[in-house]
Structure formats: structure tokens, C-alpha cells
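S.K.: Have a look at this one before I ask anything.
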There are 2 protein chains.
Amino acid sequence: MLQAVLGVLADSGYERLTLEAVRERAGSAGALLEADDLDDLVVIALQHVRLFDVPEPTGSLRGDLESLLRPWLGGRRFEDKVIAGLLSAAEWDGKLRDAVHDSFDRPLAQAVGAVLARTCGRELPAPDVQTLNWILRGLALNRLRAKDARAHVDLDRLVEYLLAGLPPVRHAETGTVRA
Amino acid sequence: MLQAVLGVLADSGYERLTLEAVRERAGSAGALLEADDLDDLVVIALQHVRLFDVPEPTGSLRGDLESLLRPWLGGRRFEDKVIAGLLSAAEWDGKLRDAVHDSFDRPLAQAVGAVLARTCGRELPAPDVQTLNWILRGLALNRLRAKDARAHVDLDRLVEYLLAGLPPVRHAETGTVRA
């Protein structure tokens, strides 16, 4: 049932998420479903959707940012389309907004935070972290759209661009980079 | 009637854009409206929506970027909410996607292009322009959301960050900056 809800969202977006559409996918499991349950099901289904993982350590900020960003330049995955289908609805519904936050915003902030803490120790000033986080969130959001210009963006150049804006990195007090 | 359509979009999003909702706002003008007309009305109404203007020249790239970005750190305007309400639907409908492109993506690319051409002449390599454009589009998209972290972002710091990623600017051949 939850998979049926996510399937409709990814294929048609929230505005086509109807009782009929979910029942059609869920088969006999959908028989008892009622229209009032749909939003609750979306929220529960989204608990299994997490758009970003903390990338494996590469030993450098450049390498970790590349690992984080490389998938963004490719095509959209199933989970990306689910969130794309909910972005507008989440603007007007607090429960959906929180669910999108937990599947999209929070995992991204955690991944960015982990990468920065790992490779920079605690040396970066908070405003830089927030600015980088905001920029990356924007890029991630743009990537959810089918039609954008990411095909023209070169990963190496983008990472260079993002690194250039950060102050020179001093490694954590041990002088070593955790790998 | 067009204003009624935009009003429903800004207040409730595309999924609540129904015949009843528009009729209620449009008054007697809505009496002859049919459900099949709604998407066409959205497309026509969006022709009057343009999220970005080319900023007035300040004489420097820094100043022009600040002019472009300053409004993004504030609250959302009516037009921003209209587009926020359409983002998901535009993923599955080609006509709406084109309309959002003309109201959001194209004016932004034009504003960024004008600012760069004005203050950098033609000196910036195309990949840098595309990368900056992609970053700014992401920020603009993020700004359409009610809940995000822009309140923590400092405009000066953001502009510094964006400038740092660009190669050192040489002014156009005349050596002067148009102001």
C-alpha cells in the first residue's frame, strides 16, 4: 500500500493521488482504503524515503563534495520524483511540509554537516556552513525538476566553485584527516 | 478572471485550483467558465507573471548581484507563491512546465546574463556563467519555499561566496564599466 502511494506520487504527482489511483496499484490491499487516509499514508510512506546519504569519506573536502554532488548531475531517481510531486502541496499542508523536510532537507543538512565536520574539523565559521548548505539545498531542489540546465554543469568546475567560496581549510587539531 | 486564477494558485496551490474556487473569486465573470478552461487560463495568466527583473546597473558585479539577490532573502511575494503552487504540477504537464519556464527560469537567466555581460564584458568563460546560473536558479527555487534557511544567510557573505568562485574579472575592452 505504501509503495502504491509512492508510485502514484512519482508517476503523477500529489494532485493525481486519488483513492482510485492508489487502489488500482494496491490491488486487494486497497479495498478498505478511504480518502481521508491518503495524507496519513503519504506521511508514513515518506518515513522510508531519504534523498541523501552521508557520502563515504574520501579523505578530502573536494572528494567528499564530489561524491555528494555526482549523483545530482544524473537523472532523477524514483525518490526524487516522489518529492518533486509533493513540493507544491507541502507549501500548504503542515504535515506534508514536515514529511518533506524529514526526507529532503534534514538528510541533506546532515550529509553536508558530516562532510564539513569530517574534513574541516570545526574550523569553518558557522555563516560559511549555512551559506554552503543553502547553496547545496538549492542545487538539490533544482535537481528534482525534470527540465533544468544541470546537463551543462561540469562537476569539477562546480566543486571548484563551491570550494573557492570557503575560507582556506585548516585540518582539525590532530592535523590528520579522518579517512 | 486571470487574477482570480492567480489568486487561487497563490493562496492554495494548483491542486485546489477548481472551477468552484475560481468562480467564487471571479464573481459573475466566472459563470461561463468550464473546468477544461482552467489550464489554459493558468498559462495565459502566467504571461503576466515574471519573477525577476534585470537589476539597475550599480557599476560593479558585486553591487548588481546584491541588487538581484537582496529581495530573495525577504518574504515571498504574491508571484512567488503562484509559482510555488505550480512547481509540482509543472513536472507532469508540458504546457504548465513551459509557462513556469517563461515566468521563472527565463527571466532569471536573462537577469543573470545581463548582469554578467554588463560588468564582465564577455570575459567570463561559458562554464562559469552556467555554473553561476545554476547556483542562482537553485537559490531562487529554494526561496519559493515557505520554510527554508534563508533567514540565516547573510547577503554580503553570499555575494562574497559567489564572487570567489568566478575567475578574476577583467573589464570589457574599453576598460570602463557601464554605469
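Chain labels A, B, ... are given in the sequence in which chains occur in the C-alpha cells; within each chain residues are numbered consecutively from 1, and ligands are likewise numbered from 1 in the order shown.
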Enumerate, in order of chain and increasing residue number, the residues of chain B with an atom no farther than 9 Å from chain A, each with its shortest atom pair and distance in Å to one decimal, counting only C-alpha atoms, as a Markdown table.

M.R.:
| residue | atom | partner | partner_atom | distance |
| --- | --- | --- | --- | --- |
| B:Asp11 | CA | A:Trp92 | CA | 8.4 |
| B:Ser12 | CA | A:Trp92 | CA | 6.5 |
| B:Gly13 | CA | A:Ser88 | CA | 6.7 |
| B:Tyr14 | CA | A:Ser88 | CA | 7.8 |
| B:Glu15 | CA | A:Glu15 | CA | 5.1 |
| B:Arg16 | CA | A:Glu15 | CA | 8.5 |
| B:Lys81 | CA | A:Glu91 | CA | 8.9 |
| B:Ile83 | CA | A:Ser88 | CA | 8.9 |
| B:Ala84 | CA | A:Ser88 | CA | 5.8 |
| B:Gly85 | CA | A:Ser88 | CA | 5.0 |
| B:Leu86 | CA | A:Ser88 | CA | 6.5 |
| B:Leu87 | CA | A:Ser88 | CA | 6.0 |
| B:Ser88 | CA | A:Gly85 | CA | 5.0 |
| B:Ala89 | CA | A:Gly13 | CA | 7.0 |
| B:Ala90 | CA | A:Arg145 | CA | 9.0 |
| B:Glu91 | CA | A:Ala146 | CA | 6.5 |
| B:Trp92 | CA | A:Ser12 | CA | 6.5 |
| B:Arg97 | CA | A:Lys147 | CA | 8.3 |
| B:His101 | CA | A:Lys147 | CA | 9.0 |
| B:Asp105 | CA | A:Asp148 | CA | 8.6 |
| B:Pro127 | CA | A:Val153 | CA | 6.9 |
| B:Asp128 | CA | A:Arg157 | CA | 7.7 |
| B:Gln130 | CA | A:Val153 | CA | 6.4 |
| B:Thr131 | CA | A:Val153 | CA | 5.8 |
| B:Leu132 | CA | A:Tyr161 | CA | 8.6 |
| B:Asn133 | CA | A:Ala149 | CA | 8.8 |
| B:Trp134 | CA | A:Ala149 | CA | 6.8 |
| B:Ile135 | CA | A:Leu139 | CA | 6.2 |
| B:Leu136 | CA | A:Gly138 | CA | 8.1 |
| B:Arg137 | CA | A:Asn142 | CA | 7.2 |
| B:Gly138 | CA | A:Gly138 | CA | 3.8 |
| B:Leu139 | CA | A:Gly138 | CA | 4.7 |
| B:Ala140 | CA | A:Gly138 | CA | 7.5 |
| B:Leu141 | CA | A:Gly138 | CA | 6.5 |
| B:Asn142 | CA | A:Gly138 | CA | 5.3 |
| B:Arg143 | CA | A:Gly138 | CA | 8.5 |
| B:Arg145 | CA | A:Glu91 | CA | 6.8 |
| B:Ala146 | CA | A:Glu91 | CA | 6.5 |
| B:Lys147 | CA | A:Glu91 | CA | 8.3 |
| B:Asp148 | CA | A:Trp134 | CA | 8.5 |
| B:Ala149 | CA | A:Trp134 | CA | 6.8 |
| B:Arg150 | CA | A:Trp134 | CA | 7.0 |
| B:His152 | CA | A:Gln130 | CA | 6.9 |
| B:Val153 | CA | A:Thr131 | CA | 5.8 |
| B:Asp154 | CA | A:Pro127 | CA | 7.4 |
| B:Arg157 | CA | A:Thr131 | CA | 7.7 |
| B:Leu158 | CA | A:Thr131 | CA | 6.3 |
| B:Glu160 | CA | A:Gly165 | CA | 7.1 |
| B:Tyr161 | CA | A:Gly165 | CA | 4.2 |
| B:Leu162 | CA | A:Gly165 | CA | 6.7 |
| B:Leu163 | CA | A:Gly165 | CA | 7.7 |
| B:Ala164 | CA | A:Gly165 | CA | 5.0 |
| B:Gly165 | CA | A:Tyr161 | CA | 4.2 |
| B:Leu166 | CA | A:Tyr161 | CA | 7.1 |

S.K.: Can you pull out every residue within 12 Å of stretch 23-34 of chain B, counting only C-alpha atoms, but drop anything in the same chain fewer than 6 positions away, and send it as a list in words?

M.R.: Met1, Leu2, Gln3, Ala4, Val5, Leu6, Gly7, Val8, Leu9, Asp11, Leu17, Asp40 and Leu41 of chain B

S.K.: Could you please determine the separation between atom CA of B:Ala10 and atom CA of B:Glu79 in Å, to one decimal place?

M.R.: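 Going from atom CA of B:Ala10 over to atom CA of B:Glu79 covers 7.3 Å.
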
S.K.: DSSP on the backbone: which residues in chain B end up as alpha helix (DSSP H)? Give the answer as a PyMOL selection string.

M.R.: chain B and resi 2-12+19-26+38-46+61-69+78-86+94-100+106-120+126-143+155-164

S.K.: Show which residues sit within 8 Å of B:Leu108, as a ChimeraX atom specification. Count only C-alpha atoms, and ignore same-chain residues fewer than 4 positions away.

M.R.: /B:51-53,104,112,137

S.K.: In Å, rounded to a single decimal, give me how far atom CA of B:Asp156 is from atom CA of B:Leu61.

M.R.: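 Pair atom CA of B:Leu61 / atom CA of B:Asp156 returns 12.7 Å.
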
S.K.: Please determine, counting only C-alpha atoms, which residue among B:Ser103, B:Thr58, B:Ser67, B:Thr18 has the shortest atom-to-atom distance to B:Ile44.

M.R.: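 Among the listed residues, B:Ser103 lies closest to B:Ile44.
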